[in-house]
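**Q** Dropping a structure here in structure tokens format, bear with me for questions.
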Amino acid sequence: MIESHHWNEECGVFGIVGHPRAAELTYLGLYALQHRGQEGAGIATFDGQRYHEHKRLGLVSDIFDPGTLGRLEGSSAVGHTRYSTTGSTVLPNVQPLVANLHHQAVALAHNGNIVDARMVRAGLEDGGAIFQTSMDSEVVLHLMARSRHRETERRLADALDRIHGAHSLVLLAGDTLFAAKDPKGIRPLCIGELDKGGWIVASESCALDIVDAGFVRELDPGEIVGLAPGTSPRTVRRAPEGERAACIFEAIYFTRPDSILFGRTTGAARVALGRQLAVEAPAPGADVVISVPDSSNAAAQGYSQESGVPLGHGLIRNHYVGRTFIKPSQGIRDLSARIKYNPVRDVVRDRSVVVVDDSIVRGTTVRKLVAMVRSAGAREVHFRVSSSPIVGPCYYGIDTPDERELIGARNTIDEIEKIVSADTLRYLSIEGMKKAVGNGSGFCTACFDRDYPVPVAERLDKAILEKS
Ligand code: SF4
């Protein structure tokens, strides 16, 4: 398998009420959110009487066909596309989760990591609860089932008050769709509006565009909203006072560049990151700026605009390399980076080249990219990164390698420059990232500075709820 040189995304959620073809629109929404998780996907619909669901391991386009979508009857639906951050890649761990609570069946889809899920679950199991999955998300349903309140929305608020960490979730309860964000607002979630009174909630606004829904707004941290067909959004709970900590990495890399986050597209935020990088880390005498495609295209554009150094397409990415690609066996030269990227000789030959990337995780791909650009004839290779060195893992819904594998956690920038054999290597400062992405405050930057906004009592890994 080809190793990604980025962190793996988390999950994408989608919910809809008030449309006769809810399953089809959810399918399209999940298709737009596929970059957030490729391990499995599911849709649950409600037809006024009962829920219908279909979920499988694999890609959205492989899981659903006209037949399965046709059987998912109803005008409201919840969908989920998964990359596991807790729980194995097995079918029971694919969402949405459908459960019968007192007087109300519900379907839940969740993005984020509940950092105290193991402790909460242990307490629930001591009280007799039997869990069906090894996902942190299931504790929300068990806590709702135990709430002393009768109304679904109050049960949901009650449950969310008892957990900590990151949760952006959608919960379908009959014809009402609830959307909720954790008090720090770590993961994104937005509301969209359909013609004729329908509503959508999605992890990213690109999932609204694909079904021609209008963007209404992003959910505020800690907010719970109820959406029903033909009525205005109802605030179940307002955003509480408190420090916000939206994941800054969503703007740097995870979110699609056409999605709106923090009030503008992340493509625009990435251009600003590139401009700031050019201010902080110029490369005097450079002839051309190239990106590591595709995620760094906008940052390279910004670097070029600010520095005045022309932009060139110096690396071509093979878009058909998937997670299941089998590496050539040992004995064949290590061509793993070549399988994904190839330099354009005419762009880099005899030139001083600035290569812009959005982040460095292990550093192995960067070393290969620098060597590749050099072997294509570049005179100098200056590597520029539109984020700061990654020094710690994420506990809030991103699948991160062990801290010992993070090149930024073990080495100074000068050491990394030598390891990857760049003529110069520079990163963007944390202050520069905050300034470029937004108003300079209200971000989680924990993987860059180990300042975790929600305390984490124990090292979390995917299998934490599978250990006895
Ligand atoms: S630790 Fe990093 S990836 Fe995780 S939420 Fe914070 S900024 Fe985002």
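As shown in the structure tokens, the chain order sets the letters A, B, ...; within each chain, residues go from 1, and ligands are also counted from 1 in the order they appear.
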Need the shell around stretch 219-236 of chain A: protein/DNA/RNA residues with any atom at most 6 Å away, counting only C-alpha atoms. Skip same-chain ones fewer than 6 positions apart. Format as an MDAnalysis selection string?
**A** chainID A and resid 18 176:185 189:190 197:198
**Q** Within 7 Å of ligand 1, counting only C-alpha atoms and all ligand atoms: which residues, as a list in words?
**A**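 Counting only what the definition allows, namely only C-alpha atoms and all ligand atoms, the set is Ile186, Ala246, Cys247, Ile248, Phe249, Glu250, Pro393, Cys394, Tyr395, Tyr396, Gly397, Ile398, Cys444, Thr445, Ala446, Cys447, Phe448 and Tyr452 of chain A.
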**Q** Listing only residues of stretch 122-216 of chain A within 9 Å of stretch 56-78 of chain A, what is the closest atom pair and its distance in Å (to one decimal) for each, using only C-alpha atoms, sorted by chain and residue number ascending, as a tab-separated table?
**A**
```
residue	atom	partner	partner_atom	distance
A:Val170	CA	A:Val78	CA	7.2
A:Leu171	CA	A:Val78	CA	7.5
A:Leu172	CA	A:Val78	CA	6.6
A:Gly174	CA	A:Ser76	CA	7.9
A:Asp175	CA	A:Ser76	CA	6.4
A:Thr176	CA	A:Ser76	CA	8.2
A:Leu177	CA	A:Ser76	CA	8.1
```
**Q** Which is closest to A:Gly123 among A:Arg374, A:Lys418, A:His35, A:Arg162, if we use only C-alpha atoms?
**A** A:Arg162
**Q** Quick check, in Å to one decimal: how far apart do atom CA of A:Arg154 and atom CA of A:Phe262 lie?
**A**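 Distance between the two atoms: 28.3 Å.
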**Q** Which of stretch 10-244 of chain A counts as strand (DSSP E) under DSSP, as a PyMOL selection string please?
**A** chain A and resi 11-17+40-46+51-57+76-82+97-101+104-111+168-173+176-181+190-193+199-202+214-218+224-227+234-237
